[in-house]
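Next comes my_file36.cif, with mmCIF, C-alpha atoms and all ligand atoms.
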```cif
data_input
#
loop_
_atom_site.label_atom_id
_atom_site.label_comp_id
_atom_site.auth_asym_id
_atom_site.auth_seq_id
_atom_site.Cartn_x
_atom_site.Cartn_y
_atom_site.Cartn_z
CA MET I 1 13.51 0.21 -39.30
CA GLU I 2 14.33 2.74 -36.56
CA PRO I 3 13.86 6.33 -37.82
CA GLU I 4 17.48 7.24 -37.06
CA ARG I 5 18.63 4.51 -39.47
CA LYS I 6 16.25 5.78 -42.15
CA VAL I 7 17.54 9.34 -41.65
CA ALA I 8 21.17 8.18 -41.71
CA GLU I 9 20.53 6.44 -45.03
CA LEU I 10 18.84 9.53 -46.46
CA ILE I 11 21.77 11.72 -45.35
CA ALA I 12 24.28 9.34 -46.95
CA LYS I 13 22.34 9.05 -50.22
CA SER I 14 20.86 12.57 -50.53
CA GLU I 15 21.25 13.80 -54.11
CA ASN I 16 22.01 17.44 -53.24
CA GLY I 17 22.67 17.09 -49.51
CA PHE I 18 20.64 18.46 -46.62
CA VAL I 19 20.25 21.81 -44.95
CA ALA I 20 19.56 21.99 -41.22
CA LEU I 21 16.79 24.33 -40.02
CA THR I 22 17.17 24.74 -36.26
CA GLY I 23 15.29 26.32 -33.38
CA ALA I 24 15.71 26.78 -29.63
CA GLY I 25 15.27 23.05 -28.96
CA ILE I 26 18.70 22.24 -30.40
CA SER I 27 20.30 24.45 -27.73
CA ALA I 28 18.11 23.16 -24.87
CA GLU I 29 20.60 20.38 -24.03
CA SER I 30 23.27 23.08 -23.79
CA GLY I 31 21.27 24.67 -20.98
CA ILE I 32 19.76 27.53 -22.98
CA PRO I 33 16.00 27.86 -22.29
CA THR I 34 13.54 27.49 -25.15
CA PHE I 35 10.65 29.92 -25.58
CA ARG I 36 7.46 27.83 -25.54
CA GLY I 37 8.29 24.74 -23.51
CA GLU I 38 7.06 24.31 -19.92
CA ASN I 39 10.14 26.23 -18.67
CA GLY I 40 10.15 28.44 -21.73
CA LEU I 41 11.09 32.11 -21.63
CA TRP I 42 7.65 33.17 -22.76
CA LYS I 43 6.18 31.44 -19.70
CA LYS I 44 8.12 33.82 -17.44
CA TYR I 45 8.38 36.99 -19.51
CA LYS I 46 6.01 38.81 -21.82
CA PRO I 47 7.60 39.04 -25.30
CA GLU I 48 5.86 42.37 -25.89
CA GLU I 49 7.66 43.76 -22.82
CA LEU I 50 11.13 42.60 -23.83
CA ALA I 51 11.34 41.54 -27.47
CA THR I 52 9.80 44.41 -29.43
CA PHE I 53 11.21 47.71 -30.65
CA GLN I 54 8.49 49.56 -28.71
CA ALA I 55 9.64 47.86 -25.49
CA PHE I 56 13.22 48.86 -26.26
CA VAL I 57 12.33 52.51 -26.95
CA SER I 58 10.30 52.76 -23.75
CA ASN I 59 12.90 51.09 -21.56
CA PRO I 60 16.25 50.38 -23.29
CA ARG I 61 17.96 49.58 -19.98
CA LEU I 62 15.42 46.88 -19.02
CA VAL I 63 15.61 45.26 -22.44
CA TRP I 64 19.43 45.31 -22.33
CA GLU I 65 19.39 43.79 -18.82
CA TRP I 66 17.32 40.90 -20.16
CA TYR I 67 19.54 40.38 -23.23
CA SER I 68 22.66 40.66 -21.04
CA TRP I 69 21.28 37.91 -18.80
CA ARG I 70 20.58 35.73 -21.86
CA LEU I 71 24.01 36.53 -23.37
CA GLU I 72 25.73 35.42 -20.15
CA ARG I 73 23.92 32.07 -20.39
CA VAL I 74 24.93 31.70 -24.02
CA LEU I 75 28.59 32.50 -23.28
CA LYS I 76 28.61 29.89 -20.48
CA ALA I 77 26.96 27.25 -22.67
CA THR I 78 28.84 24.78 -24.87
CA PRO I 79 27.73 23.11 -28.12
CA ASN I 80 26.06 19.72 -27.59
CA LYS I 81 26.23 16.52 -29.62
CA ALA I 82 23.62 17.72 -32.09
CA HIS I 83 25.57 20.90 -32.92
CA LYS I 84 28.77 18.87 -33.25
CA VAL I 85 27.37 16.16 -35.52
CA ILE I 86 25.76 18.76 -37.79
CA ALA I 87 29.14 20.52 -38.08
CA GLU I 88 30.81 17.17 -38.89
CA LEU I 89 28.15 16.45 -41.53
CA GLU I 90 28.91 19.87 -43.07
CA ARG I 91 32.66 19.14 -43.09
CA ARG I 92 31.95 15.87 -44.89
CA GLY I 93 29.65 17.52 -47.43
CA TYR I 94 26.36 15.93 -46.31
CA VAL I 95 25.00 19.20 -44.86
CA LYS I 96 25.32 22.32 -47.03
CA ALA I 97 24.17 25.01 -44.59
CA VAL I 98 22.55 25.66 -41.24
CA ILE I 99 19.56 28.03 -41.17
CA THR I 100 18.95 28.90 -37.55
CA GLN I 101 16.31 30.90 -35.68
CA ASN I 102 18.65 30.87 -32.69
CA VAL I 103 20.60 33.96 -31.69
CA ASP I 104 23.31 31.93 -29.94
CA ASP I 105 26.60 31.03 -31.64
CA LEU I 106 26.67 27.36 -30.67
CA HIS I 107 26.56 26.17 -34.30
CA GLU I 108 29.63 28.27 -35.05
CA ARG I 109 31.42 27.13 -31.90
CA ALA I 110 30.69 23.51 -32.88
CA GLY I 111 32.45 24.18 -36.21
CA SER I 112 29.57 24.93 -38.61
CA ARG I 113 30.73 27.38 -41.28
CA ASN I 114 27.74 28.22 -43.45
CA VAL I 115 25.23 29.49 -40.86
CA VAL I 116 22.32 31.87 -41.57
CA HIS I 117 20.97 33.60 -38.45
CA LEU I 118 17.41 34.49 -39.50
CA HIS I 119 16.71 36.22 -36.16
CA GLY I 120 20.11 37.84 -35.64
CA ARG I 121 22.75 37.28 -32.96
CA ILE I 122 22.65 37.99 -29.24
CA ASP I 123 26.46 38.49 -29.24
CA GLU I 124 26.12 41.56 -31.46
CA ALA I 125 24.96 45.13 -30.83
CA ARG I 126 23.77 47.46 -33.63
CA CYS I 127 23.83 51.27 -33.56
CA LEU I 128 20.42 52.94 -34.02
CA GLY I 129 22.20 55.87 -35.66
CA CYS I 130 24.94 54.72 -38.03
CA GLY I 131 24.03 51.01 -38.14
CA LYS I 132 27.47 49.90 -36.98
CA ILE I 133 27.53 46.32 -35.64
CA GLU I 134 29.81 45.38 -32.74
CA ARG I 135 30.59 41.87 -31.54
CA LEU I 136 29.97 41.40 -27.77
CA SER I 137 32.45 39.12 -25.99
CA GLU I 138 30.62 39.94 -22.72
CA PRO I 139 27.52 41.88 -21.73
CA PRO I 140 28.04 45.66 -22.20
CA SER I 141 29.25 47.44 -19.04
CA ASN I 142 27.00 50.46 -19.63
CA LEU I 143 23.33 49.88 -20.45
CA PRO I 144 22.26 50.87 -23.03
CA PRO I 145 25.69 50.82 -24.74
CA LYS I 146 26.64 53.88 -26.79
CA CYS I 147 28.16 53.86 -30.26
CA GLY I 148 31.20 55.99 -31.11
CA CYS I 149 28.82 58.16 -33.14
CA GLY I 150 26.97 59.02 -29.93
CA GLU I 151 23.78 57.05 -30.58
CA ILE I 152 22.56 54.18 -28.42
CA MET I 153 22.96 50.59 -29.61
CA ARG I 154 20.35 47.79 -29.62
CA PRO I 155 20.74 44.01 -29.53
CA ASN I 156 21.31 42.90 -33.14
CA VAL I 157 18.32 40.54 -33.09
CA VAL I 158 14.98 40.51 -34.92
CA TRP I 159 12.13 41.46 -32.59
CA PHE I 160 8.45 40.60 -32.95
CA GLY I 161 6.89 42.78 -35.62
CA GLU I 162 10.24 43.42 -37.33
CA PRO I 163 11.12 42.10 -40.77
CA LEU I 164 13.92 39.57 -41.25
CA ARG I 165 16.85 40.68 -43.41
CA GLN I 166 15.55 40.06 -46.94
CA GLU I 167 18.87 38.64 -48.16
CA ASP I 168 18.83 36.08 -45.33
CA MET I 169 15.30 34.95 -46.10
CA ASP I 170 15.92 34.85 -49.87
CA TYR I 171 19.03 32.71 -49.31
CA ALA I 172 17.17 30.43 -46.88
CA VAL I 173 14.33 29.91 -49.37
CA ARG I 174 16.79 29.08 -52.15
CA LEU I 175 18.54 26.57 -49.88
CA CYS I 176 15.28 24.88 -48.92
CA MET I 177 14.13 24.69 -52.54
CA ARG I 178 17.39 22.95 -53.51
CA HIS I 179 18.01 20.63 -50.57
CA ASP I 180 16.41 18.06 -48.32
CA VAL I 181 15.86 19.57 -44.89
CA LEU I 182 16.42 18.45 -41.29
CA VAL I 183 14.04 20.50 -39.10
CA ILE I 184 15.43 20.33 -35.57
CA GLY I 185 14.11 21.71 -32.28
CA THR I 186 11.57 24.24 -33.50
CA SER I 187 7.87 24.56 -32.68
CA SER I 188 7.36 25.64 -36.31
CA VAL I 189 4.89 28.36 -35.32
CA VAL I 190 6.88 31.55 -35.99
CA TYR I 191 6.78 32.85 -39.57
CA PRO I 192 8.40 33.39 -41.99
CA ALA I 193 10.99 30.86 -40.70
CA ALA I 194 8.28 28.23 -40.24
CA SER I 195 7.41 28.47 -43.95
CA LEU I 196 10.82 27.21 -45.09
CA PRO I 197 10.24 23.41 -44.97
CA TYR I 198 7.17 23.88 -47.19
CA TYR I 199 9.45 25.17 -49.95
CA SER I 200 11.44 21.92 -49.71
CA LYS I 201 8.23 19.92 -49.80
CA GLU I 202 6.99 21.88 -52.83
CA MET I 203 10.18 20.95 -54.69
CA GLY I 204 9.84 17.25 -53.84
CA LYS I 205 12.62 17.35 -51.27
CA ILE I 206 12.66 15.26 -48.09
CA VAL I 207 11.55 16.86 -44.82
CA VAL I 208 12.80 15.28 -41.57
CA GLU I 209 11.57 16.56 -38.19
CA ILE I 210 13.61 15.93 -35.03
CA ASN I 211 11.64 17.02 -31.97
CA PRO I 212 10.40 15.19 -28.84
CA GLU I 213 6.98 16.77 -29.46
CA SER I 214 4.79 17.02 -32.54
CA THR I 215 4.37 20.39 -34.23
CA PRO I 216 2.22 21.87 -37.02
CA LEU I 217 4.96 20.69 -39.41
CA SER I 218 4.71 17.03 -38.30
CA PRO I 219 1.92 16.02 -40.72
CA ILE I 220 4.05 16.91 -43.78
CA ALA I 221 7.33 15.47 -42.49
CA ASP I 222 8.52 12.36 -44.37
CA ILE I 223 10.23 11.08 -41.23
CA THR I 224 9.97 12.24 -37.62
CA ILE I 225 12.34 11.33 -34.81
CA ARG I 226 10.44 11.92 -31.55
CA LYS I 227 13.59 12.33 -29.51
CA LYS I 228 15.85 15.03 -28.15
CA ALA I 229 18.29 16.29 -30.78
CA GLY I 230 21.42 15.23 -28.88
CA LEU I 231 20.25 11.63 -28.58
CA ALA I 232 18.98 11.49 -32.16
CA PHE I 233 22.24 12.80 -33.65
CA GLU I 234 24.34 10.56 -31.41
CA ARG I 235 22.52 7.57 -32.95
CA ILE I 236 22.62 8.94 -36.50
CA ALA I 237 26.38 9.51 -36.24
CA THR I 238 26.93 5.99 -34.86
CA ILE I 239 25.02 4.45 -37.77
CA LEU I 240 26.87 6.57 -40.37
CA LYS I 241 30.21 5.53 -38.84
CA GLU I 242 29.20 1.83 -38.82
CA GLU I 243 28.26 2.13 -42.52
CA GLY I 244 31.52 3.89 -43.34
CA PHE I 245 30.01 7.27 -44.24
CA LEU I 246 31.60 9.15 -41.34
N1 LIG X 1 15.79 18.46 -28.84
C1 LIG X 1 14.95 18.78 -29.87
N2 LIG X 1 13.86 19.57 -29.75
C2 LIG X 1 13.60 20.04 -28.52
C3 LIG X 1 14.40 19.76 -27.38
C4 LIG X 1 15.53 18.94 -27.58
N3 LIG X 1 16.35 18.62 -26.56
N4 LIG X 1 13.85 20.40 -26.29
C5 LIG X 1 12.76 21.06 -26.75
N5 LIG X 1 12.60 20.84 -28.07
C6 LIG X 1 11.58 21.36 -28.98
C7 LIG X 1 10.25 21.66 -28.33
O1 LIG X 1 9.41 20.52 -28.38
C8 LIG X 1 9.71 22.78 -29.23
O2 LIG X 1 8.98 22.24 -30.32
O3 LIG X 1 12.07 22.60 -29.45
C9 LIG X 1 10.98 23.45 -29.78
C10 LIG X 1 11.23 24.82 -29.19
O4 LIG X 1 10.20 25.66 -29.63
P1 LIG X 1 10.25 27.22 -29.25
O5 LIG X 1 10.57 27.36 -27.81
O6 LIG X 1 8.99 27.82 -29.80
O7 LIG X 1 11.52 27.77 -30.04
P2 LIG X 1 11.59 28.16 -31.58
O8 LIG X 1 10.76 27.24 -32.42
O9 LIG X 1 13.03 28.25 -31.93
O10 LIG X 1 10.95 29.64 -31.60
C11 LIG X 1 11.00 30.32 -32.83
O11 LIG X 1 10.19 32.30 -31.69
O12 LIG X 1 10.24 33.65 -29.82
C12 LIG X 1 10.68 33.53 -31.14
O13 LIG X 1 12.60 34.51 -32.05
C13 LIG X 1 12.18 33.49 -31.18
O14 LIG X 1 13.59 32.22 -32.69
C14 LIG X 1 12.49 32.12 -31.80
C15 LIG X 1 11.21 31.78 -32.54
#
```
What is this file in structure tokens?
Ligand code: APR
Amino acid sequence: MEPERKVAELIAKSENGFVALTGAGISAESGIPTFRGENGLWKKYKPEELATFQAFVSNPRLVWEWYSWRLERVLKATPNKAHKVIAELERRGYVKAVITQNVDDLHERAGSRNVVHLHGRIDEARCLGCGKIERLSEPPSNLPPKCGCGEIMRPNVVWFGEPLRQEDMDYAVRLCMRHDVLVIGTSSVVYPAASLPYYSKEMGKIVVEINPESTPLSPIADITIRKKAGLAFERIATILKEEGFL
């Protein structure tokens, strides 16, 4: 049986429903570069020069120029089939939440409601002084942007070496302990996010991996779909519709 049919059946029959754990690969078909693929961002830029607090303190303008460039790409991008099917599965009760490592808002723009951004959001800026968070509908005109309190603001994302928000990680762990998990478009090498599917496994839940390449998670996945997310979810949705579940 083709893996998409197996996954469609699991989605339809899941006792508690699934959660989706997503990474940069789910946004690749929307034109947003991943980090570790052949055209990945970390092939062109050094993370320690752009995605650490030290880099920001030493050159806030440079770091904001890079995030502004990425934000412009996100704002121009549109959700792809994978984002849309996951949102539809949430509307129908098959998916209970999306836990994403992505800082784009494509899940939300596709209609997903319960989304946990483990690594923050590129369309938000946070004040280093008062902690105020502002939504960015376009890149800031002045770099670095200033808060009303007079302090400079940083991108509201989690940089290398920084802790995730504890409440986000606690919620994500609880979700993975309770639900089967679809792991989509992540290299599964960055912790603590990469640890989440192991909580599902520990609790006897089903782990599905959707990724054209194998990852360190592959050996413990119950089912893998070695395809791009858009294609895989197109097929899964077709099967669920044929069987009357969508
Ligand atoms: N569909 C599904 N998966 C895809 C697709 C696609 N169309 N294209 C690429 N992939 C897969 C790649 O095979 C790879 O395994 O997506 C994964 C992308 O891996 P990374 O670039 O490492 O992205 P991610 O796993 O999200 O990185 C985790 O690292 O740099 C930090 O904070 C950053 O959130 C990011 C974290």
task: For ligand LIG 1 (chain X), list the contacting residues at 9 Å or closer, counting all atoms listed in the file, as a count of residues only.
output: 54
- prompt: Which protein, DNA or RNA residues have an atom at most 12 Å from (8.0, 16.1, -51.7), counting only C-alpha atoms? List them as a PyMOL selection string.
  reply: chain I and resi 176-181+197-208+220-223
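Using all atoms listed in the file, the smallest distance between any of I:Pro155, I:Gly150, I:Pro139, I:Pro145 and Glu124 in chain I comes from I:Pro155.
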query: Using all atoms listed in the file, which residues sit within 9 Å of Ser137 in chain I once same-chain residues fewer than 3 positions away are excluded, as number ranges by chain?
result: I: 75, 123-124, 140
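All residues of protein, DNA or RNA that reach within 8 Å of range 56-60 of chain I, judged by only C-alpha atoms and not counting those fewer than 5 positions away in the chain, are Leu50, Ala51, Leu143, Pro144 and Arg154 of chain I.
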- request: Counting only C-alpha atoms, figure out which residue out of I:Lys132, I:Arg113, I:Lys13, I:Arg5 gets nearest to Tyr94 in chain I.
  value: I:Lys13
task: Can you work out the spacing between CA of Glu234 in chain I and CA of Lys76 in chain I in Å, to one decimal?
output: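 Distance between the two atoms: 22.6 Å.
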Give me the residues within 12 Å of Ile239 in chain I as a PDB file with C-alpha atoms, in the coordinates of the input, counting all atoms listed in the file and dropping any in the same chain fewer than 2 places off.
```
ATOM      1  CA  GLU I   2      14.330   2.740 -36.560  1.00  0.00           C
ATOM      2  CA  PRO I   3      13.860   6.330 -37.820  1.00  0.00           C
ATOM      3  CA  GLU I   4      17.480   7.240 -37.060  1.00  0.00           C
ATOM      4  CA  ARG I   5      18.630   4.510 -39.470  1.00  0.00           C
ATOM      5  CA  LYS I   6      16.250   5.780 -42.150  1.00  0.00           C
ATOM      6  CA  VAL I   7      17.540   9.340 -41.650  1.00  0.00           C
ATOM      7  CA  ALA I   8      21.170   8.180 -41.710  1.00  0.00           C
ATOM      8  CA  GLU I   9      20.530   6.440 -45.030  1.00  0.00           C
ATOM      9  CA  LEU I  10      18.840   9.530 -46.460  1.00  0.00           C
ATOM     10  CA  ILE I  11      21.770  11.720 -45.350  1.00  0.00           C
ATOM     11  CA  ALA I  12      24.280   9.340 -46.950  1.00  0.00           C
ATOM     12  CA  ALA I 232      18.980  11.490 -32.160  1.00  0.00           C
ATOM     13  CA  PHE I 233      22.240  12.800 -33.650  1.00  0.00           C
ATOM     14  CA  GLU I 234      24.340  10.560 -31.410  1.00  0.00           C
ATOM     15  CA  ARG I 235      22.520   7.570 -32.950  1.00  0.00           C
ATOM     16  CA  ILE I 236      22.620   8.940 -36.500  1.00  0.00           C
ATOM     17  CA  ALA I 237      26.380   9.510 -36.240  1.00  0.00           C
ATOM     18  CA  LYS I 241      30.210   5.530 -38.840  1.00  0.00           C
ATOM     19  CA  GLU I 242      29.200   1.830 -38.820  1.00  0.00           C
ATOM     20  CA  GLU I 243      28.260   2.130 -42.520  1.00  0.00           C
ATOM     21  CA  GLY I 244      31.520   3.890 -43.340  1.00  0.00           C
ATOM     22  CA  PHE I 245      30.010   7.270 -44.240  1.00  0.00           C
ATOM     23  CA  LEU I 246      31.600   9.150 -41.340  1.00  0.00           C
TER      24      LEU I 246
END
```
Atom pair CA of Pro192 in chain I / CA of Ser14 in chain I: separation (Å):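 We find that CA of Pro192 in chain I and CA of Ser14 in chain I lie 25.7 Å from each other.
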field: All residues 9 Å or closer to His107 in chain I, all atoms listed in the file, same chain fewer than 4 positions away omitted, as JSON, numbers by chain
entry: {"I": [79, 83, 84, 86, 87, 98, 100, 111, 112, 113, 115]}
field: Computed interatomic separation between CA of Ile32 in chain I and CA of Trp64 in chain I (Å)
entry: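 Going from CA of Ile32 in chain I over to CA of Trp64 in chain I covers 17.8 Å.
The shortest atom-to-atom distance to Leu240 in chain I, with only C-alpha atoms taken into account, belongs to I:Glu88 out of I:Glu88, I:Glu15, I:Glu65, I:Glu108.
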field: From I:Leu71, I:Val173, I:Leu89, I:Ala77, residue lying nearest Ala125 in chain I [only C-alpha atoms]
entry: I:Leu71
task: Would you mind telling me which residue in I:Arg165, I:Arg70, I:Lys96, I:Arg126 lies nearest to Ala20 in chain I when using all atoms listed in the file?
output: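 So, comparing all the options, the nearest one is I:Lys96.
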query: Pick the closest to Ala97 in chain I from I:Thr52, I:Arg61, I:Leu175, I:Leu196: which is it, counting all atoms listed in the file?
result: I:Leu175
Because some atoms of range 208-219 of chain I are absent here, can you restore all heavy atoms and send them as a PDB file, keeping the file's coordinate frame?
```
ATOM      1  N   VAL I 208      12.638  16.094 -42.787  1.00  0.00           N
ATOM      2  CA  VAL I 208      12.800  15.280 -41.570  1.00  0.00           C
ATOM      3  C   VAL I 208      12.578  16.200 -40.373  1.00  0.00           C
ATOM      4  O   VAL I 208      13.118  17.306 -40.333  1.00  0.00           O
ATOM      5  CB  VAL I 208      14.228  14.678 -41.499  1.00  0.00           C
ATOM      6  CG1 VAL I 208      14.467  13.988 -40.151  1.00  0.00           C
ATOM      7  CG2 VAL I 208      14.460  13.703 -42.656  1.00  0.00           C
ATOM      8  N   GLU I 209      11.773  15.763 -39.407  1.00  0.00           N
ATOM      9  CA  GLU I 209      11.570  16.560 -38.190  1.00  0.00           C
ATOM     10  C   GLU I 209      12.173  15.810 -37.004  1.00  0.00           C
ATOM     11  O   GLU I 209      11.897  14.617 -36.817  1.00  0.00           O
ATOM     12  CB  GLU I 209      10.075  16.796 -37.926  1.00  0.00           C
ATOM     13  CG  GLU I 209       9.825  17.663 -36.683  1.00  0.00           C
ATOM     14  CD  GLU I 209       8.353  17.943 -36.419  1.00  0.00           C
ATOM     15  OE1 GLU I 209       7.572  16.976 -36.306  1.00  0.00           O
ATOM     16  OE2 GLU I 209       7.976  19.126 -36.337  1.00  0.00           O
ATOM     17  N   ILE I 210      13.013  16.519 -36.242  1.00  0.00           N
ATOM     18  CA  ILE I 210      13.610  15.930 -35.030  1.00  0.00           C
ATOM     19  C   ILE I 210      13.173  16.795 -33.848  1.00  0.00           C
ATOM     20  O   ILE I 210      13.609  17.947 -33.693  1.00  0.00           O
ATOM     21  CB  ILE I 210      15.146  15.868 -35.137  1.00  0.00           C
ATOM     22  CG1 ILE I 210      15.537  14.998 -36.351  1.00  0.00           C
ATOM     23  CG2 ILE I 210      15.774  15.330 -33.836  1.00  0.00           C
ATOM     24  CD1 ILE I 210      17.017  14.934 -36.653  1.00  0.00           C
ATOM     25  N   ASN I 211      12.265  16.238 -33.042  1.00  0.00           N
ATOM     26  CA  ASN I 211      11.640  17.020 -31.970  1.00  0.00           C
ATOM     27  C   ASN I 211      10.920  16.022 -31.060  1.00  0.00           C
ATOM     28  O   ASN I 211      10.193  15.166 -31.568  1.00  0.00           O
ATOM     29  CB  ASN I 211      10.621  17.988 -32.597  1.00  0.00           C
ATOM     30  CG  ASN I 211      10.126  19.023 -31.608  1.00  0.00           C
ATOM     31  OD1 ASN I 211       9.993  18.748 -30.413  1.00  0.00           O
ATOM     32  ND2 ASN I 211       9.905  20.234 -32.087  1.00  0.00           N
ATOM     33  N   PRO I 212      11.111  16.136 -29.713  1.00  0.00           N
ATOM     34  CA  PRO I 212      10.400  15.190 -28.840  1.00  0.00           C
ATOM     35  C   PRO I 212       8.877  15.359 -28.911  1.00  0.00           C
ATOM     36  O   PRO I 212       8.123  14.466 -28.550  1.00  0.00           O
ATOM     37  CB  PRO I 212      10.911  15.527 -27.438  1.00  0.00           C
ATOM     38  CG  PRO I 212      11.897  16.605 -27.552  1.00  0.00           C
ATOM     39  CD  PRO I 212      11.977  17.043 -28.958  1.00  0.00           C
ATOM     40  N   GLU I 213       8.432  16.526 -29.367  1.00  0.00           N
ATOM     41  CA  GLU I 213       6.980  16.770 -29.460  1.00  0.00           C
ATOM     42  C   GLU I 213       6.558  16.977 -30.915  1.00  0.00           C
ATOM     43  O   GLU I 213       7.373  17.359 -31.751  1.00  0.00           O
ATOM     44  CB  GLU I 213       6.625  18.029 -28.658  1.00  0.00           C
ATOM     45  CG  GLU I 213       6.822  17.838 -27.159  1.00  0.00           C
ATOM     46  CD  GLU I 213       6.639  19.159 -26.390  1.00  0.00           C
ATOM     47  OE1 GLU I 213       6.080  20.119 -26.973  1.00  0.00           O
ATOM     48  OE2 GLU I 213       7.096  19.215 -25.241  1.00  0.00           O
ATOM     49  N   SER I 214       5.276  16.754 -31.171  1.00  0.00           N
ATOM     50  CA  SER I 214       4.790  17.020 -32.540  1.00  0.00           C
ATOM     51  C   SER I 214       4.535  18.519 -32.687  1.00  0.00           C
ATOM     52  O   SER I 214       4.377  19.249 -31.706  1.00  0.00           O
ATOM     53  CB  SER I 214       3.500  16.227 -32.800  1.00  0.00           C
ATOM     54  OG  SER I 214       2.501  16.680 -31.922  1.00  0.00           O
ATOM     55  N   THR I 215       4.553  18.960 -33.936  1.00  0.00           N
ATOM     56  CA  THR I 215       4.370  20.390 -34.230  1.00  0.00           C
ATOM     57  C   THR I 215       3.446  20.506 -35.443  1.00  0.00           C
ATOM     58  O   THR I 215       3.139  19.495 -36.080  1.00  0.00           O
ATOM     59  CB  THR I 215       5.735  21.037 -34.614  1.00  0.00           C
ATOM     60  OG1 THR I 215       6.087  20.552 -35.930  1.00  0.00           O
ATOM     61  CG2 THR I 215       6.828  20.690 -33.610  1.00  0.00           C
ATOM     62  N   PRO I 216       3.070  21.722 -35.823  1.00  0.00           N
ATOM     63  CA  PRO I 216       2.220  21.870 -37.020  1.00  0.00           C
ATOM     64  C   PRO I 216       2.901  21.357 -38.291  1.00  0.00           C
ATOM     65  O   PRO I 216       2.250  21.072 -39.280  1.00  0.00           O
ATOM     66  CB  PRO I 216       1.989  23.386 -37.098  1.00  0.00           C
ATOM     67  CG  PRO I 216       2.166  23.876 -35.703  1.00  0.00           C
ATOM     68  CD  PRO I 216       3.207  22.991 -35.083  1.00  0.00           C
ATOM     69  N   LEU I 217       4.239  21.202 -38.230  1.00  0.00           N
ATOM     70  CA  LEU I 217       4.960  20.690 -39.410  1.00  0.00           C
ATOM     71  C   LEU I 217       4.846  19.169 -39.501  1.00  0.00           C
ATOM     72  O   LEU I 217       4.950  18.588 -40.583  1.00  0.00           O
ATOM     73  CB  LEU I 217       6.440  21.096 -39.315  1.00  0.00           C
ATOM     74  CG  LEU I 217       7.320  20.616 -40.473  1.00  0.00           C
ATOM     75  CD1 LEU I 217       7.076  21.475 -41.729  1.00  0.00           C
ATOM     76  CD2 LEU I 217       8.799  20.627 -40.110  1.00  0.00           C
ATOM     77  N   SER I 218       4.626  18.507 -38.350  1.00  0.00           N
ATOM     78  CA  SER I 218       4.710  17.030 -38.300  1.00  0.00           C
ATOM     79  C   SER I 218       3.929  16.328 -39.415  1.00  0.00           C
ATOM     80  O   SER I 218       4.428  15.395 -40.034  1.00  0.00           O
ATOM     81  CB  SER I 218       4.263  16.532 -36.922  1.00  0.00           C
ATOM     82  OG  SER I 218       5.061  17.103 -35.907  1.00  0.00           O
ATOM     83  N   PRO I 219       2.691  16.758 -39.709  1.00  0.00           N
ATOM     84  CA  PRO I 219       1.920  16.020 -40.720  1.00  0.00           C
ATOM     85  C   PRO I 219       2.591  15.977 -42.103  1.00  0.00           C
ATOM     86  O   PRO I 219       2.352  15.046 -42.869  1.00  0.00           O
ATOM     87  CB  PRO I 219       0.592  16.796 -40.785  1.00  0.00           C
ATOM     88  CG  PRO I 219       0.486  17.513 -39.483  1.00  0.00           C
ATOM     89  CD  PRO I 219       1.904  17.846 -39.090  1.00  0.00           C
TER      90      PRO I 219
END
```
